[in-house]
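Asker: So that you have it, the file is coords-v7.cif, and it contains mmCIF, C-alpha atoms:
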data_target
loop_
_atom_site.label_atom_id
_atom_site.label_comp_id
_atom_site.auth_asym_id
_atom_site.auth_seq_id
_atom_site.Cartn_x
_atom_site.Cartn_y
_atom_site.Cartn_z
CA MET A 288 5.75 18.37 0.81
CA SER A 289 6.11 14.90 -0.73
CA SER A 290 3.66 12.13 0.08
CA PRO A 291 4.84 8.97 1.91
CA THR A 292 4.60 7.08 -1.37
CA GLU A 293 6.78 9.61 -3.19
CA GLU A 294 9.26 9.55 -0.34
CA PHE A 295 9.85 5.83 -0.83
CA LYS A 296 9.71 5.72 -4.62
CA VAL A 297 13.49 5.68 -5.02
CA ASP A 298 13.76 3.15 -2.20
CA ALA A 299 11.45 0.79 -4.07
CA LYS A 300 13.42 1.04 -7.30
CA ASP A 301 16.67 0.31 -5.48
CA ALA A 302 15.34 -2.61 -3.44
CA TYR A 303 16.57 -5.25 -5.88
CA ASP A 304 20.01 -3.71 -6.40
CA GLU A 305 21.73 -6.74 -4.91
CA GLN A 306 25.30 -5.60 -5.53
CA ASN A 307 24.70 -2.31 -3.74
CA MET A 308 22.95 -4.10 -0.89
CA PHE A 309 25.81 -6.51 -0.25
CA GLU A 310 28.50 -3.87 -0.68
CA ASN A 311 27.02 -1.60 1.99
CA GLY A 312 26.17 -4.52 4.29
CA ARG A 313 22.51 -3.60 4.57
CA ILE A 314 20.06 -6.16 5.82
CA SER A 315 17.08 -5.50 3.56
CA LEU A 316 13.85 -7.01 4.80
CA GLN A 317 12.18 -5.26 1.87
CA ILE A 318 13.14 -7.80 -0.77
CA GLY A 319 10.57 -10.51 -1.48
CA ALA A 320 12.98 -13.10 -2.86
CA PRO A 321 14.23 -16.59 -1.95
CA ALA A 322 17.38 -16.93 0.14
CA TYR A 323 20.66 -17.64 -1.65
CA ASN A 324 21.30 -20.81 0.33
CA ILE A 325 17.95 -22.04 -1.04
CA LEU A 326 18.71 -20.92 -4.59
CA GLN A 327 21.99 -22.83 -4.48
CA GLN A 328 19.95 -26.04 -4.29
CA CYS A 329 18.47 -25.18 -7.69
CA ALA A 330 21.80 -25.95 -9.36
CA ASN A 331 21.40 -29.69 -8.79
CA ILE A 332 17.71 -29.56 -9.69
CA MET A 333 18.42 -27.86 -13.00
CA ARG A 334 21.39 -30.13 -13.75
CA GLU A 335 19.38 -33.33 -13.24
CA ALA A 336 16.33 -31.99 -15.09
CA THR A 337 18.43 -30.74 -17.99
CA GLU A 338 20.19 -34.09 -18.40
CA HIS A 339 16.80 -35.80 -18.38
CA ARG A 340 15.25 -33.56 -21.05
CA MET A 341 18.36 -33.38 -23.27
CA LYS A 342 18.18 -37.11 -23.91
CA ARG A 343 14.95 -36.37 -25.73
CA GLU A 344 16.17 -33.17 -27.38
CA GLU A 345 19.13 -34.95 -28.97
CA LYS A 346 16.51 -36.67 -31.14
CA GLU A 347 13.91 -33.88 -31.45
CA GLY A 348 15.41 -30.43 -30.85
CA PHE A 349 11.98 -29.03 -30.01
CA LEU A 350 13.14 -26.94 -27.05
CA PHE A 351 15.53 -24.99 -29.25
CA GLN A 352 12.71 -23.88 -31.55
CA TYR A 353 10.29 -20.98 -30.98
CA GLY A 354 7.80 -23.41 -29.50
CA SER A 355 4.03 -23.62 -29.34
CA ARG A 356 2.29 -20.37 -28.48
CA ASN A 357 0.57 -21.84 -25.45
CA GLY A 358 3.75 -23.62 -24.34
CA ASP A 359 5.53 -26.94 -24.14
CA ILE A 360 3.02 -29.81 -23.90
CA ALA A 361 5.05 -31.73 -21.31
CA TYR A 362 5.37 -28.60 -19.16
CA ARG A 363 1.64 -27.91 -19.20
CA LYS A 364 0.84 -31.55 -18.45
CA GLU A 365 3.25 -31.84 -15.52
CA LEU A 366 2.32 -28.40 -14.19
CA ALA A 367 -1.38 -29.29 -14.29
CA SER A 368 -0.68 -32.40 -12.21
CA PHE A 369 1.39 -30.38 -9.73
CA LEU A 370 -1.28 -27.69 -9.35
CA THR A 371 -4.06 -30.25 -9.03
CA ARG A 372 -2.25 -31.78 -6.04
CA HIS A 373 -1.91 -28.40 -4.33
CA TYR A 374 -4.90 -26.32 -5.41
CA ARG A 375 -7.83 -28.46 -4.15
CA TYR A 376 -9.39 -28.75 -7.61
CA HIS A 377 -8.63 -30.34 -10.96
CA VAL A 378 -6.44 -28.19 -13.23
CA ASP A 379 -6.65 -29.14 -16.89
CA SER A 380 -3.46 -28.74 -18.91
CA SER A 381 -5.45 -27.18 -21.76
CA SER A 382 -6.34 -24.25 -19.50
CA LEU A 383 -2.67 -23.24 -19.09
CA VAL A 384 -0.49 -20.86 -21.09
CA VAL A 385 3.25 -20.53 -20.49
CA THR A 386 4.53 -17.10 -19.42
CA ALA A 387 7.89 -15.55 -18.57
CA GLY A 388 6.79 -15.02 -14.98
CA ALA A 389 3.84 -13.42 -13.18
CA THR A 390 4.92 -9.85 -13.95
CA GLN A 391 4.99 -10.55 -17.69
CA GLY A 392 1.67 -12.32 -17.38
CA LEU A 393 0.06 -9.37 -15.61
CA TYR A 394 1.48 -6.81 -18.04
CA MET A 395 0.37 -8.89 -21.01
CA LEU A 396 -3.20 -9.31 -19.75
CA ALA A 397 -3.61 -5.65 -18.83
CA SER A 398 -2.10 -4.34 -22.07
CA LEU A 399 -4.01 -6.75 -24.34
CA LEU A 400 -7.39 -6.15 -22.71
CA PHE A 401 -7.33 -2.50 -21.66
CA SER A 402 -6.28 0.89 -23.04
CA ARG A 403 -4.79 4.06 -21.60
CA GLY A 404 -7.39 5.90 -19.54
CA ASP A 405 -9.43 2.79 -18.69
CA VAL A 406 -10.30 2.12 -15.06
CA VAL A 407 -9.00 -0.89 -13.10
CA PHE A 408 -9.59 -1.85 -9.48
CA VAL A 409 -6.95 -2.87 -6.93
CA GLU A 410 -6.85 -3.87 -3.28
CA ASP A 411 -5.48 -1.39 -0.77
CA PRO A 412 -2.88 -2.29 0.38
CA THR A 413 -1.43 -4.49 -2.36
CA TYR A 414 1.75 -5.36 -4.27
CA PHE A 415 3.14 -1.92 -5.08
CA ILE A 416 4.68 -2.80 -8.45
CA GLY A 417 1.33 -4.20 -9.55
CA PHE A 418 -0.48 -0.88 -9.33
CA GLN A 419 2.58 0.96 -10.63
CA ILE A 420 2.38 -1.13 -13.82
CA PHE A 421 -1.22 -0.04 -14.28
CA LYS A 422 -0.72 3.64 -13.48
CA THR A 423 2.78 4.43 -14.73
CA ASP A 424 3.45 1.96 -17.53
CA LEU A 425 -0.02 1.54 -19.00
CA GLY A 426 -1.73 4.81 -18.07
CA LEU A 427 -4.71 3.11 -16.43
CA LYS A 428 -6.72 4.75 -13.67
CA THR A 429 -6.68 2.72 -10.45
CA ILE A 430 -9.56 2.62 -7.99
CA SER A 431 -8.66 1.35 -4.51
CA VAL A 432 -10.80 -1.14 -2.60
CA PRO A 433 -10.14 -1.70 1.12
CA ILE A 434 -9.43 -5.10 2.65
CA ASP A 435 -10.02 -6.57 6.10
CA GLU A 436 -9.19 -9.83 7.88
CA ASP A 437 -11.18 -11.83 5.29
CA GLY A 438 -9.67 -10.13 2.25
CA ILE A 439 -11.12 -7.59 -0.14
CA ASP A 440 -14.35 -5.83 0.89
CA VAL A 441 -16.62 -7.29 -1.79
CA ASP A 442 -19.62 -5.18 -0.79
CA MET A 443 -17.57 -2.02 -1.30
CA LEU A 444 -16.25 -3.38 -4.60
CA ASP A 445 -19.84 -4.02 -5.74
CA ARG A 446 -20.80 -0.40 -5.00
CA LEU A 447 -17.69 1.01 -6.69
CA LEU A 448 -18.26 -1.10 -9.80
CA GLU A 449 -21.85 0.09 -9.98
CA GLU A 450 -20.70 3.69 -9.69
CA HIS A 451 -17.89 3.58 -12.25
CA LYS A 452 -19.70 1.38 -14.76
CA LYS A 453 -22.16 4.21 -15.37
CA SER A 454 -19.40 6.52 -16.60
CA SER A 455 -17.35 3.91 -18.46
CA THR A 456 -16.85 4.54 -22.18
CA VAL A 457 -15.38 1.10 -22.90
CA CYS A 458 -17.16 -0.74 -25.69
CA VAL A 459 -17.22 -4.45 -24.84
CA THR A 460 -16.41 -6.58 -27.88
CA GLU A 461 -15.19 -10.07 -28.65
CA ASP A 462 -11.62 -8.77 -28.52
CA ARG A 463 -12.29 -6.72 -25.38
CA PRO A 464 -14.74 -8.86 -23.42
CA TYR A 465 -14.53 -6.91 -20.14
CA TRP A 466 -14.92 -3.20 -19.35
CA THR A 467 -12.59 -3.37 -16.34
CA MET A 468 -10.53 -5.71 -14.18
CA LEU A 469 -9.75 -6.32 -10.54
CA TYR A 470 -6.19 -7.17 -9.53
CA LEU A 471 -5.84 -8.98 -6.22
CA ILE A 472 -3.70 -11.45 -4.28
CA PRO A 473 -6.29 -13.76 -2.70
CA THR A 474 -3.94 -16.29 -1.09
CA PHE A 475 -1.18 -15.28 1.38
CA HIS A 476 -1.62 -11.68 0.36
CA ASN A 477 1.27 -9.30 -0.24
CA PRO A 478 1.76 -7.38 2.05
CA THR A 479 -0.62 -8.60 4.79
CA GLY A 480 -0.33 -12.40 4.49
CA ARG A 481 -4.11 -12.78 4.72
CA CYS A 482 -6.31 -15.10 2.64
CA LEU A 483 -9.62 -14.35 0.98
CA SER A 484 -12.20 -16.38 2.90
CA GLU A 485 -14.24 -19.00 1.05
CA ALA A 486 -17.42 -16.98 1.60
CA ARG A 487 -15.75 -13.92 0.07
CA CYS A 488 -14.46 -16.03 -2.84
CA ARG A 489 -17.98 -17.13 -3.71
CA GLN A 490 -19.32 -13.60 -3.30
CA LEU A 491 -16.55 -12.12 -5.43
CA VAL A 492 -17.20 -14.50 -8.33
CA GLN A 493 -20.88 -13.56 -8.26
CA VAL A 494 -20.03 -9.85 -8.28
CA ALA A 495 -17.58 -10.36 -11.15
CA ARG A 496 -20.28 -12.12 -13.19
CA LYS A 497 -22.86 -9.47 -12.31
CA HIS A 498 -20.66 -6.60 -13.52
CA ASN A 499 -18.82 -8.45 -16.33
CA ILE A 500 -15.32 -7.83 -14.99
CA LEU A 501 -12.10 -9.83 -15.18
CA VAL A 502 -10.50 -10.83 -11.87
CA VAL A 503 -6.74 -11.37 -12.20
CA CYS A 504 -5.33 -13.32 -9.26
CA ASP A 505 -1.66 -12.95 -8.41
CA ASP A 506 -1.24 -16.58 -7.32
CA VAL A 507 2.50 -16.73 -6.71
CA TYR A 508 2.36 -17.73 -3.02
CA ASN A 509 -0.44 -20.33 -3.04
CA THR A 510 1.69 -23.43 -2.48
CA LEU A 511 3.76 -21.79 0.27
CA CYS A 512 1.50 -22.90 3.11
CA TYR A 513 3.09 -23.41 6.55
CA GLU A 514 0.13 -24.72 8.52
CA LYS A 515 0.49 -28.32 9.71
CA ASP A 516 -1.97 -31.05 10.67
CA SER A 517 -1.89 -33.13 13.84
CA GLN A 518 0.64 -35.50 12.24
CA GLY A 519 3.04 -32.66 11.48
CA ASN A 520 2.40 -32.60 7.73
CA PHE A 521 1.79 -29.40 5.81
CA VAL A 522 -1.89 -29.00 5.02
CA THR A 523 -3.26 -28.21 1.58
CA PRO A 524 -3.33 -24.46 0.98
CA PRO A 525 -6.67 -22.58 0.97
CA PRO A 526 -8.62 -23.10 -2.26
CA ALA A 527 -7.63 -20.76 -5.07
CA LEU A 528 -10.24 -18.25 -6.24
CA MET A 529 -10.15 -19.96 -9.65
CA SER A 530 -11.73 -23.04 -8.07
CA PHE A 531 -14.93 -21.03 -7.50
CA ASP A 532 -15.26 -20.14 -11.21
CA GLN A 533 -15.28 -23.46 -13.04
CA GLU A 534 -16.85 -24.32 -16.41
CA THR A 535 -19.12 -26.85 -14.71
CA ASP A 536 -20.59 -24.18 -12.42
CA PRO A 537 -24.11 -22.88 -13.12
CA GLY A 538 -23.81 -19.36 -14.49
CA PHE A 539 -20.17 -19.78 -15.55
CA LEU A 540 -18.92 -16.94 -17.75
CA GLY A 541 -15.16 -17.15 -17.25
CA ASN A 542 -14.33 -14.15 -15.06
CA VAL A 543 -11.25 -15.36 -13.17
CA VAL A 544 -7.64 -15.75 -14.28
CA SER A 545 -4.88 -17.30 -12.17
CA ASN A 546 -1.43 -15.80 -12.76
CA GLY A 547 1.30 -18.03 -11.31
CA SER A 548 5.08 -18.27 -11.21
CA PHE A 549 8.05 -20.40 -10.15
CA SER A 550 9.84 -17.31 -8.81
CA LYS A 551 8.90 -17.90 -5.15
CA ILE A 552 8.83 -21.70 -5.06
CA LEU A 553 11.92 -22.42 -7.16
CA SER A 554 13.89 -19.55 -8.75
CA PRO A 555 13.04 -16.03 -9.98
CA GLY A 556 15.96 -16.24 -12.43
CA LEU A 557 14.09 -18.87 -14.45
CA ARG A 558 11.57 -16.21 -15.55
CA LEU A 559 8.92 -18.90 -15.87
CA GLY A 560 5.26 -18.92 -14.97
CA TRP A 561 1.80 -19.70 -16.25
CA ILE A 562 -1.64 -18.26 -16.77
CA GLN A 563 -4.68 -20.43 -16.10
CA ALA A 564 -7.61 -18.85 -17.90
CA PRO A 565 -10.94 -19.48 -19.60
CA LYS A 566 -10.84 -20.25 -23.32
CA LYS A 567 -11.70 -16.72 -24.50
CA ILE A 568 -8.70 -15.29 -22.64
CA ARG A 569 -6.35 -18.01 -23.82
CA CYS A 570 -7.43 -17.37 -27.41
CA LEU A 571 -6.78 -13.64 -27.09
CA ILE A 572 -3.27 -14.39 -25.81
CA ILE A 573 -2.19 -17.00 -28.35
CA ASN A 574 -3.79 -15.15 -31.28
CA SER A 575 -2.06 -11.88 -30.43
CA SER A 576 0.79 -10.68 -32.65
CA TYR A 577 2.88 -10.45 -29.47
CA CYS A 578 2.58 -14.20 -28.99
CA ASP A 579 2.54 -15.09 -32.69
CA SER A 580 5.94 -13.48 -33.31
CA GLY A 581 7.91 -15.33 -30.65
CA GLY A 582 5.93 -18.47 -29.97
CA SER A 583 6.27 -19.76 -26.43
CA PHE A 584 7.30 -17.08 -23.96
CA ASN A 585 9.91 -19.38 -22.41
CA ASN A 586 10.14 -22.58 -24.41
CA TYR A 587 13.53 -23.87 -23.31
CA THR A 588 13.18 -23.33 -19.57
CA SER A 589 9.62 -24.65 -19.49
CA GLY A 590 10.84 -27.91 -21.01
CA ILE A 591 13.54 -28.29 -18.37
CA ILE A 592 11.07 -27.59 -15.57
CA ALA A 593 8.72 -30.16 -17.10
CA SER A 594 11.41 -32.73 -16.35
CA ALA A 595 11.97 -31.29 -12.86
CA LEU A 596 8.26 -31.69 -12.17
CA GLN A 597 8.14 -35.18 -13.69
CA LEU A 598 11.10 -36.36 -11.59
CA GLY A 599 9.54 -34.99 -8.39
CA LEU A 600 12.38 -32.48 -7.87
CA VAL A 601 10.10 -29.46 -7.50
CA GLU A 602 7.88 -31.29 -5.00
CA GLN A 603 10.89 -32.24 -2.90
CA HIS A 604 12.26 -28.71 -3.02
CA LEU A 605 8.90 -27.24 -2.03
CA GLY A 606 8.78 -29.41 1.09
CA LYS A 607 12.24 -28.22 2.13
CA ILE A 608 11.55 -24.54 1.70
CA GLN A 609 8.21 -24.79 3.51
CA GLU A 610 10.12 -25.98 6.58
CA ILE A 611 12.67 -23.16 6.29
CA TYR A 612 10.15 -20.39 5.69
CA ALA A 613 7.82 -21.66 8.42
CA ARG A 614 10.68 -21.56 10.91
CA ASN A 615 11.66 -18.05 9.79
CA MET A 616 8.11 -16.76 9.93
CA ASN A 617 7.43 -18.13 13.40
CA ALA A 618 10.73 -16.76 14.73
CA VAL A 619 10.01 -13.27 13.39
CA HIS A 620 6.45 -13.27 14.67
CA LYS A 621 7.59 -14.41 18.15
CA ILE A 622 10.03 -11.50 18.44
CA ILE A 623 7.45 -8.96 17.30
CA LYS A 624 4.83 -10.25 19.76
CA GLU A 625 7.18 -10.63 22.72
CA GLU A 626 9.83 -7.92 22.30
CA TRP A 627 8.33 -5.07 20.30
CA PRO A 628 6.47 -2.26 22.10
CA SER A 629 2.93 -2.73 23.37
CA GLY A 630 0.27 -1.37 21.06
CA VAL A 631 1.81 -3.07 18.02
CA SER A 632 -0.44 -5.60 16.27
CA CYS A 633 0.74 -8.39 14.02
CA LEU A 634 -1.23 -11.36 12.69
CA LEU A 635 0.63 -14.64 12.15
CA PRO A 636 0.16 -15.59 8.47
CA LYS A 637 -0.33 -19.18 7.41
CA GLY A 638 1.92 -18.86 4.37
CA GLY A 639 3.61 -16.57 1.88
CA PHE A 640 6.67 -14.34 2.31
CA PHE A 641 5.59 -11.41 4.47
CA ILE A 642 4.55 -10.22 7.89
CA TRP A 643 2.53 -7.00 8.18
CA VAL A 644 2.90 -4.95 11.35
CA GLU A 645 0.55 -2.19 12.46
CA PHE A 646 1.55 0.52 14.93
CA PRO A 647 -0.87 2.91 16.64
CA GLN A 648 -2.32 5.68 14.47
CA GLY A 649 0.04 8.63 14.23
CA PHE A 650 3.20 6.54 14.48
CA SER A 651 5.55 7.21 11.56
CA CYS A 652 7.10 4.10 10.06
CA ALA A 653 8.88 6.39 7.58
CA GLU A 654 10.74 7.95 10.50
CA LEU A 655 11.39 4.50 11.98
CA HIS A 656 12.80 3.39 8.63
CA LYS A 657 15.30 6.27 8.59
CA ILE A 658 16.43 5.52 12.13
CA CYS A 659 16.88 1.79 11.45
CA ILE A 660 19.04 2.52 8.40
CA ARG A 661 21.07 5.15 10.22
CA ASP A 662 21.68 3.17 13.41
CA HIS A 663 21.66 -0.47 12.23
CA ASN A 664 21.73 -0.50 8.39
CA VAL A 665 18.45 -2.45 8.42
CA SER A 666 15.56 -1.65 6.07
CA PHE A 667 11.95 -2.67 5.51
CA TYR A 668 8.99 -1.37 3.53
CA VAL A 669 6.85 1.37 4.99
CA GLY A 670 3.18 0.47 4.54
CA SER A 671 2.40 3.56 2.48
CA ILE A 672 4.40 2.23 -0.48
CA CYS A 673 1.91 -0.66 -0.69
CA SER A 674 -1.03 1.72 -0.97
CA PRO A 675 -2.17 3.44 -4.18
CA GLN A 676 -3.46 6.22 -1.92
CA GLY A 677 -0.36 6.49 0.27
CA LEU A 678 -2.19 5.11 3.32
CA PHE A 679 -0.83 2.85 6.08
CA GLY A 680 2.05 5.11 7.11
CA ASN A 681 1.77 3.52 10.56
CA CYS A 682 2.40 0.04 9.13
CA LEU A 683 5.41 -1.85 7.83
CA ARG A 684 6.13 -5.00 5.85
CA VAL A 685 9.02 -7.38 6.48
CA CYS A 686 10.00 -10.33 4.30
CA PHE A 687 11.16 -13.44 6.17
CA ALA A 688 12.45 -15.36 3.12
CA LEU A 689 15.76 -13.82 2.04
CA TYR A 690 17.97 -14.40 5.10
CA ASP A 691 18.85 -17.20 7.50
CA VAL A 692 16.92 -17.20 10.75
CA GLU A 693 19.79 -15.75 12.82
CA THR A 694 20.33 -12.75 10.55
CA LEU A 695 16.60 -12.28 10.21
CA THR A 696 15.79 -12.30 13.92
CA ASP A 697 18.72 -10.01 14.74
CA ALA A 698 17.42 -7.45 12.22
CA VAL A 699 13.82 -7.70 13.46
CA ARG A 700 14.98 -7.30 17.06
CA LYS A 701 16.84 -4.10 16.11
CA ILE A 702 13.74 -2.67 14.41
CA GLY A 703 11.77 -3.34 17.59
CA GLN A 704 14.40 -1.62 19.72
CA CYS A 705 14.29 1.48 17.52
CA ALA A 706 10.50 1.48 17.61
CA ARG A 707 10.50 1.29 21.40
CA LEU A 708 12.89 4.24 21.69
CA MET A 709 10.76 6.26 19.26
CA MET A 710 7.54 5.57 21.15
CA GLU A 711 9.16 6.36 24.50
CA ALA A 712 10.55 9.63 23.12
CA HIS A 713 7.13 10.68 21.84
CA THR A 714 5.50 10.05 25.24
CA THR A 715 8.00 12.10 27.27
#
Can you dump the structure from the file as structure tokens?

Answerer:
Amino acid sequence: MSSPTEEFKVDAKDAYDEQNMFENGRISLQIGAPAYNILQQCANIMREATEHRMKREEKEGFLFQYGSRNGDIAYRKELASFLTRHYRYHVDSSSLVVTAGATQGLYMLASLLFSRGDVVFVEDPTYFIGFQIFKTDLGLKTISVPIDEDGIDVDMLDRLLEEHKKSSTVCVTEDRPYWTMLYLIPTFHNPTGRCLSEARCRQLVQVARKHNILVVCDDVYNTLCYEKDSQGNFVTPPPALMSFDQETDPGFLGNVVSNGSFSKILSPGLRLGWIQAPKKIRCLIINSSYCDSGGSFNNYTSGIIASALQLGLVEQHLGKIQEIYARNMNAVHKIIKEEWPSGVSCLLPKGGFFIWVEFPQGFSCAELHKICIRDHNVSFYVGSICSPQGLFGNCLRVCFALYDVETLTDAVRKIGQCARLMMEAHTT
């Protein structure tokens, strides 16, 4: 008998097959991607930014070259200013390295620093492709760490690190400065939407220093905060974990890396992101043959986005999509709380792309998924796909970003109707 994770393996691979999705008319609440009516706005942004930068390139031509290994200077400068405004701490442009998106950044870090058979630690649940990269692509052994309302259980992580460090055969060197890593999504977590509390952030940094591990933060949702102040303005997002591991801190060793991307806040098609890291990590990246051969990982696009940032186009766009996503999120949450069966729990996130729903133990979201596809051509992710151990079969994840609010709420309402019928059938 296949496990819940195996059962949905094909489903996960097909989730981004857009042509198939539109041809069969399926409403896929699985896909964590921006809506097309939002992406259409990127055309004007890119046109204006390109015209701005090309005036300079007609004289220099820099963007059409391989580019600096750590990335376009203007991009890193403008990005640092943007992140400083949103991250609650000063981001220095020298701490940034250009990437071709967060997935490339994660793969690069894991493959440069660790070898097949090494152990890495992950939250449970977490972003399913993240742990698949470790296990399937890189042959790393993943150890799951549970989370709660405040994020990863740091006490449990501490005990697990102590246990596995004793049997580790990794020889720490200048080129391999850590024996293991922790992958986590501390802000607006995928799939649960939760945030690592400030107390946990401080505790986690201390544990990372104690055990000499690298903490890689998937920071792709940080600026997508939907909480507002009394004047109706969006508040600053929770502080990034990186802000608790600064060079000015007593005991600083450089244990945290922030892996960011423009995929959620602008366009995934740009394939553009950044890594913010301590000097020893940046040096390992830019001195690698992988980086030396091609120079900047996305020189041209980073230069265009530098202009988009400089002209304030990204900031304006971010404000617009915060309004749209906040409205979508609140509408979905309202339906789940008011129309779905009793016994279902669902926390309202303060940002991100996802809502995590928990049914009573024993309820099969895999069965619910089949019924929703059969009767309504609506899909979502069963919680077990987000778990390295195949747990959370009674949970599901829906994305509220890809569709307009009417399509979205209609689909969520249908899922609730199917869930109600299932629960009533099981009680008769």

Asker: Using all atoms listed in the file, pick whichever of A:Ser583, A:Asn324, A:Asn542, A:Ser589 has the shortest atom-to-atom distance to Leu491 of chain A.

Answerer: A:Asn542

Asker: Using all atoms listed in the file for the distances, tell me which of A:Ala706, A:Leu553, A:Leu598, A:Leu683 is nearest to Ile658 of chain A.

Answerer: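 Using all atoms listed in the file, the shortest distance to Ile658 of chain A belongs to A:Ala706.
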
Asker: Counting all atoms listed in the file, what is within 9 Å of segment 375-378 of chain A, bar same-chain residues fewer than 2 positions away, as number ranges by chain?

Answerer: A: 366-373, 380-383, 523-527, 530, 563

Asker: Determine the nearest neighbour of Phe687 of chain A from the options A:Ile611, A:Met443, A:Val543, A:Val492, counting all atoms listed in the file.

Answerer: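 Using all atoms listed in the file, the shortest distance to Phe687 of chain A belongs to A:Ile611.
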
Asker: For Ala330 of chain A, which of A:Pro647, A:Gly556, A:Pro636, A:Gly438 is the closest residue, counting only C-alpha atoms?

Answerer: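 Result for the nearest residue to Ala330 of chain A: A:Gly556.
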
Asker: With all atoms listed in the file counted and 10 Å as the cut-off, give the residues of segment 305-381 of chain A in contact with segment 695-703 of chain A, each with its shortest interatomic distance in Å and the pair that gives it, as a tab-separated table.

Answerer:
residue	atom	partner	partner_atom	distance
A:Arg313	CA	A:Ala698	CA	10.0
A:Ile314	CA	A:Ala698	CA	7.0
A:Ser315	CA	A:Ala698	CA	8.9
A:Leu316	CA	A:Leu695	CA	8.0

Asker: Which is closest to Ala618 of chain A among A:Asp442, A:Glu436, A:Asp691, A:Asp506, if we use only C-alpha atoms?

Answerer: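 Smallest distance to Ala618 of chain A is found for A:Asp691.
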
Asker: With only C-alpha atoms as the basis for distance, which of A:Thr390, A:Asn585, A:Asn574, A:Gln352 is at the shortest distance from Phe421 of chain A?

Answerer: A:Thr390

Asker: Would you kindly return, as a PyMOL selection string, each protein, DNA or RNA residue with an atom no farther than 12 Å from any atom of Gly630 of chain A, considering all atoms listed in the file and excluding same-chain residues fewer than 5 positions away?

Answerer: chain A and resi 623-625+644-648+650+681+706-707+710
